[in-house]
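Visitor: Just one file: coords_19.txt, with compact mmCIF, C-alpha atoms and all ligand atoms.
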# COMPACT_ATOMS: atom_id res chain seq x y z
CA MET A 1 178.78 -74.68 57.91
CA GLY A 2 180.08 -71.11 57.57
CA ASN A 3 178.64 -68.20 55.67
CA PHE A 4 178.14 -68.30 51.94
CA ASP A 5 180.72 -65.88 50.60
CA GLN A 6 179.69 -64.61 47.21
CA SER A 7 180.90 -61.04 47.72
CA HIS A 8 183.13 -61.44 44.63
CA ILE A 9 180.33 -62.42 42.24
CA GLU A 10 176.97 -61.09 41.13
CA PRO A 11 174.42 -61.92 43.88
CA LEU A 12 172.26 -64.98 43.33
CA SER A 13 168.53 -64.35 43.28
CA PHE A 14 165.91 -66.66 44.71
CA LEU A 15 162.17 -66.69 44.31
CA VAL A 16 161.04 -67.45 47.87
CA PHE A 17 157.45 -68.54 47.74
CA SER A 18 154.93 -69.46 50.44
CA ALA A 19 152.29 -71.72 48.93
CA SER A 20 149.65 -70.76 51.48
CA LEU A 21 146.69 -68.45 50.96
CA GLY A 22 146.33 -67.73 54.68
CA LYS A 23 147.34 -64.39 56.16
CA ASP A 24 148.73 -65.96 59.36
CA SER A 25 150.42 -68.78 57.50
CA LEU A 26 153.12 -70.86 59.18
CA ASN A 27 154.67 -71.51 55.78
CA THR A 28 154.90 -67.77 55.14
CA GLU A 29 156.65 -67.45 58.47
CA LEU A 30 159.14 -70.17 57.51
CA VAL A 31 159.82 -68.72 54.09
CA ARG A 32 160.40 -65.27 55.55
CA THR A 33 163.05 -66.82 57.76
CA ALA A 34 164.61 -68.40 54.65
CA ALA A 35 164.56 -65.02 52.84
CA HIS A 36 166.32 -63.43 55.79
CA ILE A 37 169.09 -66.06 55.71
CA ILE A 38 169.56 -65.59 51.97
CA GLU A 39 169.92 -61.84 52.42
CA GLU A 40 172.35 -62.27 55.33
CA ASN A 41 174.47 -64.28 52.91
CA ASN A 42 174.46 -61.66 50.15
CA GLY A 43 171.74 -63.28 48.05
CA LYS A 44 168.58 -61.56 46.81
CA ALA A 45 165.22 -62.89 47.99
CA ASP A 46 162.16 -62.20 45.85
CA PHE A 47 159.30 -62.96 48.25
CA ALA A 48 155.95 -64.18 46.90
CA ASN A 49 152.87 -65.84 48.29
CA MET A 50 150.16 -68.01 46.80
CA ASN A 51 147.74 -65.11 46.38
CA GLU A 52 149.99 -63.83 43.57
CA PHE A 53 150.10 -67.15 41.72
CA ASP A 54 146.64 -68.61 42.37
CA CYS A 55 144.81 -69.64 39.17
CA PRO A 56 141.34 -70.79 38.14
CA SER A 57 141.17 -74.56 37.56
CA TYR A 58 143.21 -75.65 34.56
CA ASN A 59 141.10 -75.89 31.42
CA HIS A 60 142.60 -77.00 28.13
CA ASP A 61 139.98 -75.01 26.18
CA ILE A 62 141.15 -71.76 27.82
CA GLU A 63 144.75 -72.65 26.97
CA LEU A 64 143.74 -73.33 23.35
CA ASN A 65 142.33 -69.78 23.22
CA GLY A 66 145.85 -68.65 24.03
CA SER A 67 144.99 -67.06 27.36
CA PHE A 68 146.84 -67.93 30.54
CA PRO A 69 145.63 -66.77 33.97
CA ALA A 70 147.43 -63.80 35.52
CA GLY A 71 148.74 -66.02 38.38
CA ALA A 72 150.43 -68.42 35.95
CA GLU A 73 151.95 -65.54 34.02
CA GLU A 74 153.28 -64.02 37.23
CA PHE A 75 154.79 -67.30 38.46
CA ARG A 76 156.46 -67.89 35.09
CA LYS A 77 157.86 -64.35 35.06
CA ARG A 78 159.26 -64.65 38.58
CA LEU A 79 160.77 -68.10 37.91
CA LEU A 80 162.60 -66.72 34.90
CA ALA A 81 163.71 -63.57 36.74
CA ASN A 82 165.48 -65.55 39.49
CA ASP A 83 168.30 -68.09 39.55
CA ALA A 84 166.38 -70.66 41.60
CA PHE A 85 163.23 -71.08 43.67
CA ILE A 86 162.26 -72.09 47.17
CA ILE A 87 158.74 -73.19 48.09
CA SER A 88 157.31 -73.71 51.53
CA SER A 89 154.11 -75.67 51.13
CA PRO A 90 151.33 -76.64 53.52
CA GLU A 91 150.31 -80.30 53.60
CA TYR A 92 146.67 -81.04 52.89
CA ASN A 93 145.58 -84.61 53.46
CA GLY A 94 149.02 -86.07 53.00
CA SER A 95 149.78 -84.15 49.81
CA MET A 96 150.31 -80.68 48.40
CA PRO A 97 147.31 -78.29 48.30
CA GLY A 98 145.27 -78.64 45.11
CA PHE A 99 145.64 -74.95 44.26
CA LEU A 100 149.45 -75.34 44.15
CA LYS A 101 149.30 -78.32 41.79
CA ASN A 102 146.82 -76.39 39.65
CA THR A 103 149.23 -73.47 39.31
CA ILE A 104 152.12 -75.84 38.50
CA ASP A 105 149.95 -77.45 35.79
CA TRP A 106 149.18 -74.08 34.21
CA VAL A 107 152.82 -72.97 34.28
CA SER A 108 153.96 -76.29 32.79
CA ARG A 109 152.10 -75.38 29.59
CA TYR A 110 154.37 -72.51 28.61
CA HIS A 111 157.05 -72.98 25.98
CA PRO A 112 159.85 -72.96 26.89
CA GLN A 113 158.68 -74.85 29.96
CA PRO A 114 160.02 -72.72 32.83
CA PHE A 115 160.67 -75.38 35.49
CA ASN A 116 163.17 -77.18 33.27
CA GLU A 117 166.71 -76.99 34.69
CA ARG A 118 165.73 -74.74 37.60
CA ASN A 119 167.05 -75.61 41.03
CA ALA A 120 164.34 -75.97 43.67
CA LEU A 121 164.44 -76.20 47.45
CA LEU A 122 161.31 -77.54 49.13
CA MET A 123 160.21 -76.93 52.69
CA SER A 124 157.04 -77.19 54.75
CA ALA A 125 155.61 -76.16 58.09
CA SER A 126 152.74 -77.75 59.96
CA PRO A 127 151.45 -77.97 63.53
CA SER A 128 151.69 -81.77 63.18
CA MET A 129 154.56 -83.98 64.33
CA ALA A 130 155.56 -84.74 60.72
CA GLY A 131 155.78 -81.11 59.66
CA GLY A 132 154.03 -81.57 56.33
CA LYS A 133 156.74 -83.76 54.84
CA ASN A 134 154.32 -85.73 52.66
CA ALA A 135 153.44 -82.54 50.81
CA LEU A 136 157.09 -82.34 49.77
CA TRP A 137 157.24 -85.92 48.50
CA SER A 138 154.16 -85.20 46.41
CA LEU A 139 155.69 -81.93 45.14
CA ARG A 140 158.86 -83.69 43.97
CA VAL A 141 156.83 -85.68 41.46
CA PRO A 142 155.62 -82.86 39.16
CA PHE A 143 158.82 -80.85 39.59
CA GLU A 144 161.09 -83.74 38.66
CA HIS A 145 158.74 -84.64 35.82
CA LEU A 146 159.19 -81.08 34.56
CA GLY A 147 162.99 -81.19 34.73
CA ALA A 148 163.49 -79.09 37.87
CA ARG A 149 166.49 -80.10 39.99
CA VAL A 150 164.99 -80.69 43.39
CA PHE A 151 167.49 -80.34 46.22
CA PRO A 152 167.71 -83.70 48.04
CA ASP A 153 167.38 -82.32 51.57
CA LEU A 154 163.83 -81.41 52.48
CA PHE A 155 163.12 -79.35 55.58
CA SER A 156 159.80 -79.91 57.39
CA LEU A 157 159.19 -77.85 60.51
CA THR A 158 157.12 -79.85 63.01
CA GLN A 159 154.83 -78.24 65.59
CA ALA A 160 155.38 -75.04 63.67
CA HIS A 161 152.74 -73.14 65.67
CA LYS A 162 155.18 -73.32 68.63
CA ALA A 163 158.47 -73.15 66.71
CA PHE A 164 159.09 -69.41 66.25
CA THR A 165 160.41 -66.72 68.57
CA PRO A 166 158.64 -63.32 68.68
CA GLU A 167 161.49 -62.10 66.43
CA ARG A 168 160.35 -64.65 63.83
CA LYS A 169 163.33 -66.96 64.17
CA ILE A 170 163.27 -70.72 64.69
CA ALA A 171 163.55 -70.98 68.48
CA ASP A 172 165.37 -74.29 68.79
CA PRO A 173 169.07 -73.55 68.14
CA THR A 174 169.84 -76.97 66.63
CA LEU A 175 166.90 -76.74 64.25
CA ALA A 176 167.75 -73.14 63.40
CA LYS A 177 171.30 -74.21 62.49
CA ARG A 178 170.10 -77.12 60.36
CA PHE A 179 167.69 -74.81 58.56
CA ARG A 180 170.38 -72.24 57.88
CA ASP A 181 172.97 -74.85 56.81
CA ASN A 182 170.50 -76.37 54.37
CA ILE A 183 169.81 -73.00 52.75
CA ILE A 184 173.50 -72.22 52.50
CA ALA A 185 174.16 -75.63 50.91
CA PHE A 186 171.41 -74.88 48.40
CA MET A 187 172.92 -71.46 47.66
CA SER A 188 176.27 -73.13 46.94
CA LEU A 189 174.63 -75.58 44.56
CA VAL A 190 172.81 -72.79 42.72
CA GLU A 191 176.03 -70.84 42.44
CA SER A 192 177.89 -73.81 40.99
CA SER A 193 175.15 -74.70 38.54
CA LYS A 194 175.01 -71.07 37.39
CA HIS A 195 178.73 -71.07 36.58
CA TYR A 196 179.16 -74.73 35.58
CA PRO A 197 175.90 -75.49 33.78
CA CYS A 198 174.81 -79.10 33.43
CA ILE A 199 175.30 -80.50 29.94
CA LYS A 200 171.63 -81.48 29.78
CA LYS A 201 169.69 -78.92 27.78
CA ALA A 202 166.64 -80.53 26.22
CA TRP A 203 163.48 -81.29 28.12
CA VAL A 204 161.67 -84.37 26.84
CA GLU A 205 158.52 -85.18 28.77
CA PHE A 206 158.97 -88.97 28.47
CA LEU A 207 162.56 -89.75 27.51
CA GLY A 208 161.95 -93.39 26.57
CA GLU A 209 158.72 -92.87 24.64
CA LYS A 210 158.57 -93.70 20.93
CA ALA A 211 159.22 -90.42 19.15
CA ASP A 212 156.00 -89.12 17.64
CA PRO A 213 155.51 -85.43 16.87
CA VAL A 214 151.74 -85.76 17.50
CA THR A 215 152.06 -86.71 21.16
CA GLU A 216 155.54 -85.87 22.37
CA ARG A 217 156.56 -82.72 24.24
CA VAL A 218 160.15 -81.92 23.48
CA GLU A 219 162.08 -78.72 23.91
C1 LIG B 301 142.14 -79.50 54.20
C2 LIG B 301 143.28 -79.57 55.17
C3 LIG B 301 144.02 -80.73 55.27
C4 LIG B 301 145.12 -80.81 56.12
N1 LIG B 301 145.88 -81.94 56.13
C5 LIG B 301 147.05 -81.95 56.83
C6 LIG B 301 147.94 -83.06 56.71
O1 LIG B 301 147.70 -84.01 56.00
N2 LIG B 301 149.10 -83.01 57.40
C7 LIG B 301 149.42 -81.94 58.20
O2 LIG B 301 150.50 -81.94 58.77
N3 LIG B 301 148.59 -80.89 58.33
C8 LIG B 301 147.42 -80.87 57.66
N4 LIG B 301 146.59 -79.78 57.74
C9 LIG B 301 146.93 -78.71 58.67
C10 LIG B 301 147.84 -77.69 58.01
O3 LIG B 301 149.13 -78.21 58.00
C11 LIG B 301 147.79 -76.38 58.81
O4 LIG B 301 146.51 -75.81 58.65
C12 LIG B 301 148.88 -75.44 58.41
O5 LIG B 301 148.91 -74.39 59.33
C13 LIG B 301 148.67 -74.92 57.00
O6 LIG B 301 149.75 -74.13 56.59
P1 LIG B 301 149.71 -72.54 56.62
O7 LIG B 301 149.63 -72.13 58.07
O8 LIG B 301 150.99 -72.14 55.99
O9 LIG B 301 148.51 -72.09 55.83
C14 LIG B 301 145.46 -79.69 56.92
C15 LIG B 301 144.69 -78.51 56.84
C16 LIG B 301 143.63 -78.46 55.98
C17 LIG B 301 142.84 -77.16 55.86
Once more with this new file: its structure as C-alpha cells, please.
Ligand SMILES: Cc1cc2nc3c(=O)[nH]c(=O)nc-3n(C[C@H](O)[C@H](O)[C@H](O)COP(=O)(O)O)c2cc1C

Guide:
Amino acid sequence: MGNFDQSHIEPLSFLVFSASLGKDSLNTELVRTAAHIIEENNGKADFANMNEFDCPSYNHDIELNGSFPAGAEEFRKRLLANDAFIISSPEYNGSMPGFLKNTIDWVSRYHPQPFNERNALLMSASPSMAGGKNALWSLRVPFEHLGARVFPDLFSLTQAHKAFTPERKIADPTLAKRFRDNIIAFMSLVESSKHYPCIKKAWVEFLGEKADPVTERVE
C-alpha cells in the first residue's frame, strides 16, 4: 500500500491513546509509532495516555449529582475534537484493564454519547506470544455496543519487549509494513466516512427492545 495522499483536503485528526498507566509502557511505544505514521501521511495525531483519562470507579450517585470526573471530561473532549480514535491497550488476564473499561463506562453516560459513529482502530502490545489480542476482543464489545465503528483489522504486537529498534520503530520489516498499511487503510476509511457519512444517525442502546421511555436510551 502506498502513502495516504490527503494533501488536497483538510488533514484528518486522530486521538492516539495508550491505555497504559506505566511510564515505560509497550503500548505507549506502539501508539507513538502509530502517531508517527499518521503524521508522515499528513494526518494530525493528538497523543494521550491513560493518566489523562483515568477516573475513580463509576458511581451512579456521583453521576446523579451531575459531576463527571476530570478524566471522563477530558476523554469526551478529545474524542469530539478528533475525527477518529486509536487505542493501544494492554491485556490484563485475557481482557482489557479494568481502569479502561471504567473510563469507557463514565464517558458512555454523556449525552450525546460520544462514541456513537466514531471510527476506532484497536491495537495492543504485550511481551506474550499472543500480543494482547484478547484485550481487543473484549474492547470491541463496549465500543460496538456504544455505536463506534471498530475497524475490522486488529494489530497485536507479540513479544513487544523485543520488537522495537532504538529509534522506536518496529524492527521486523514485514511487521512494520503490515502495521503501517493497517493505519493507512484506517486513515482512508476515516476520510471516506468524513465525506460520505453513513445514513445511520440515531443511537439506540438496544435496537430491538420494546420502546419504553422509562428504560430506553435513545439519541
Ligand atoms: C494484572 C496483569 C495481568 C496480565 N495479564 C496478561 C494477559 O492476560 N496477557 C498478556 O499478554 N499479558 C498480560 N500481562 C502482561 C502485560 O501484557 C504487560 O505487563 C504489558 O507490558 C503491559 O502493557 P504496558 O507495557 O503498555 O503497560 C498482565 C499484566 C498484569 C499486570

Visitor: Skip A:Glu39 itself and residues of its chain fewer than 3 positions away, then list as number ranges by chain all residues within 10 Å of it, counting only C-alpha atoms.

Guide: A: 11-14, 34-36, 42-45

Visitor: Point out the residue among A:Arg149, A:Arg32, A:His161, A:Arg109 with the least atom-to-atom distance to ligand LIG 301 (chain B), counting all atoms listed in the file.

Guide: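 Result for the nearest residue to ligand LIG 301 (chain B): A:His161.
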
Visitor: Could you name the residues that touch A:Cys55 at 7 Å or less, counting all atoms listed in the file, but leaving out those on the same chain fewer than 3 positions away, as a ChimeraX atom specification?

Guide: /A:69,71-72,103

Visitor: Nearest residue to A:Lys194 out of A:Asp54, A:Glu10, A:Glu29, A:Asp83, using all atoms listed in the file?

Guide: A:Asp83

Visitor: Using only C-alpha atoms and all ligand atoms, pick whichever of A:Val107, A:Met129, A:Ile37, A:Ala84 has the shortest atom-to-atom distance to ligand LIG 301 (chain B).

Guide: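 Closest candidate: A:Met129.
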
Visitor: Neighbours of ligand LIG 301 (chain B) at 10 Å or closer, counting only C-alpha atoms and all ligand atoms: which residues, as an MDAnalysis selection string?

Guide: chainID A and resid 18:31 88:98 124:135 156:161

Visitor: Quick one, how far is atom CA of A:Asn41 from atom CA of A:Ala171?

Guide: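 A separation of 20.2 Å between them.
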
Visitor: Pick from A:Leu139, A:Met123, A:Leu64, A:Ala185: nearest to A:Tyr110, with all atoms listed in the file counted?

Guide: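 Of A:Leu139, A:Met123, A:Leu64, A:Ala185, the one nearest A:Tyr110 is A:Leu64, counting all atoms listed in the file.
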
Visitor: Using only C-alpha atoms, which residue out of A:Asp46, A:Glu191, A:Glu144, A:Asp172 lies closest to A:Val16?

Guide: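 Checking each candidate against A:Val16, we get A:Asp46 as the closest.
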
Visitor: Put stretch 89-133 of chain A into a file with N, CA and C atoms, as a compact mmCIF listing (two decimals), in the first residue's frame.

Guide:
# COMPACT_ATOMS: atom_id res chain seq x y z
N SER A 89 -4.07 -0.99 23.81
CA SER A 89 -4.43 -1.40 25.18
C SER A 89 -3.60 -2.59 25.64
N PRO A 90 -3.15 -2.53 26.90
CA PRO A 90 -2.57 -3.75 27.49
C PRO A 90 -3.65 -4.81 27.68
N GLU A 91 -3.22 -6.06 27.79
CA GLU A 91 -4.15 -7.15 28.15
C GLU A 91 -3.87 -7.53 29.60
N TYR A 92 -4.93 -7.52 30.39
CA TYR A 92 -4.83 -8.00 31.77
C TYR A 92 -5.76 -9.20 31.92
N ASN A 93 -5.15 -10.33 32.20
CA ASN A 93 -5.93 -11.55 32.43
C ASN A 93 -6.95 -11.82 31.33
N GLY A 94 -6.46 -11.75 30.12
CA GLY A 94 -7.30 -12.11 28.97
C GLY A 94 -8.37 -11.09 28.62
N SER A 95 -8.22 -9.86 29.11
CA SER A 95 -9.25 -8.86 28.85
C SER A 95 -8.61 -7.48 28.88
N MET A 96 -9.43 -6.45 28.73
CA MET A 96 -8.88 -5.09 28.85
C MET A 96 -8.66 -4.76 30.33
N PRO A 97 -7.77 -3.79 30.63
CA PRO A 97 -7.61 -3.39 32.04
C PRO A 97 -8.91 -2.77 32.58
N GLY A 98 -9.17 -3.05 33.85
CA GLY A 98 -10.40 -2.54 34.47
C GLY A 98 -10.50 -1.03 34.40
N PHE A 99 -9.36 -0.33 34.55
CA PHE A 99 -9.43 1.15 34.56
C PHE A 99 -9.89 1.69 33.20
N LEU A 100 -9.58 0.96 32.11
CA LEU A 100 -10.02 1.42 30.79
C LEU A 100 -11.54 1.24 30.65
N LYS A 101 -12.04 0.09 31.06
CA LYS A 101 -13.49 -0.14 30.99
C LYS A 101 -14.22 0.89 31.86
N ASN A 102 -13.64 1.19 33.01
CA ASN A 102 -14.25 2.17 33.92
C ASN A 102 -14.37 3.54 33.24
N THR A 103 -13.31 3.95 32.56
CA THR A 103 -13.36 5.24 31.85
C THR A 103 -14.38 5.20 30.72
N ILE A 104 -14.43 4.09 29.98
CA ILE A 104 -15.43 3.96 28.90
C ILE A 104 -16.84 4.07 29.49
N ASP A 105 -17.06 3.42 30.63
CA ASP A 105 -18.39 3.48 31.27
C ASP A 105 -18.76 4.92 31.63
N TRP A 106 -17.84 5.64 32.23
CA TRP A 106 -18.12 7.05 32.56
C TRP A 106 -18.47 7.85 31.30
N VAL A 107 -17.64 7.70 30.27
CA VAL A 107 -17.83 8.52 29.06
C VAL A 107 -19.14 8.16 28.35
N SER A 108 -19.55 6.90 28.50
CA SER A 108 -20.80 6.47 27.84
C SER A 108 -22.02 7.17 28.43
N ARG A 109 -21.86 7.84 29.55
CA ARG A 109 -23.02 8.45 30.22
C ARG A 109 -23.31 9.87 29.73
N TYR A 110 -22.43 10.41 28.91
CA TYR A 110 -22.70 11.76 28.38
C TYR A 110 -23.79 11.70 27.31
N HIS A 111 -24.50 12.78 27.16
CA HIS A 111 -25.46 12.95 26.06
C HIS A 111 -25.08 14.21 25.30
N PRO A 112 -24.89 14.17 23.98
CA PRO A 112 -24.87 12.96 23.17
C PRO A 112 -23.71 12.04 23.58
N GLN A 113 -23.93 10.77 23.34
CA GLN A 113 -22.97 9.72 23.73
C GLN A 113 -21.82 9.74 22.71
N PRO A 114 -20.61 10.10 23.15
CA PRO A 114 -19.56 10.47 22.20
C PRO A 114 -18.91 9.35 21.39
N PHE A 115 -19.13 8.09 21.75
CA PHE A 115 -18.54 7.02 20.94
C PHE A 115 -19.38 6.74 19.69
N ASN A 116 -20.65 7.13 19.73
CA ASN A 116 -21.54 6.83 18.62
C ASN A 116 -20.99 7.38 17.30
N GLU A 117 -20.92 6.50 16.30
CA GLU A 117 -20.49 6.87 14.94
C GLU A 117 -19.02 7.21 14.81
N ARG A 118 -18.21 7.02 15.85
CA ARG A 118 -16.79 7.35 15.71
C ARG A 118 -16.03 6.10 15.25
N ASN A 119 -15.15 6.31 14.31
CA ASN A 119 -14.31 5.21 13.85
C ASN A 119 -13.20 4.95 14.87
N ALA A 120 -12.95 3.67 15.12
CA ALA A 120 -11.94 3.28 16.12
C ALA A 120 -11.01 2.22 15.54
N LEU A 121 -9.74 2.38 15.82
CA LEU A 121 -8.75 1.36 15.47
C LEU A 121 -8.13 0.86 16.77
N LEU A 122 -8.13 -0.47 16.94
CA LEU A 122 -7.65 -1.05 18.19
C LEU A 122 -6.33 -1.78 17.96
N MET A 123 -5.42 -1.59 18.89
CA MET A 123 -4.15 -2.32 18.83
C MET A 123 -3.68 -2.63 20.24
N SER A 124 -2.73 -3.57 20.33
CA SER A 124 -2.21 -3.95 21.64
C SER A 124 -0.76 -4.37 21.51
N ALA A 125 -0.07 -4.33 22.64
CA ALA A 125 1.32 -4.80 22.68
C ALA A 125 1.51 -5.55 23.99
N SER A 126 2.20 -6.67 23.90
CA SER A 126 2.44 -7.47 25.10
C SER A 126 3.72 -8.27 24.90
N PRO A 127 4.42 -8.60 26.00
CA PRO A 127 5.57 -9.49 25.85
C PRO A 127 5.16 -10.91 25.45
N SER A 128 3.89 -11.24 25.56
CA SER A 128 3.45 -12.62 25.30
C SER A 128 3.47 -12.95 23.81
N MET A 129 3.21 -14.22 23.51
CA MET A 129 3.18 -14.67 22.11
C MET A 129 1.85 -14.35 21.43
N ALA A 130 0.87 -13.88 22.19
CA ALA A 130 -0.43 -13.53 21.57
C ALA A 130 -0.57 -12.02 21.43
N GLY A 131 0.32 -11.28 22.04
CA GLY A 131 0.34 -9.82 21.83
C GLY A 131 -0.80 -9.05 22.46
N GLY A 132 -1.57 -9.69 23.32
CA GLY A 132 -2.66 -8.96 23.99
C GLY A 132 -3.95 -8.91 23.17
N LYS A 133 -4.07 -9.83 22.23
CA LYS A 133 -5.22 -9.80 21.31
C LYS A 133 -6.56 -9.93 22.04
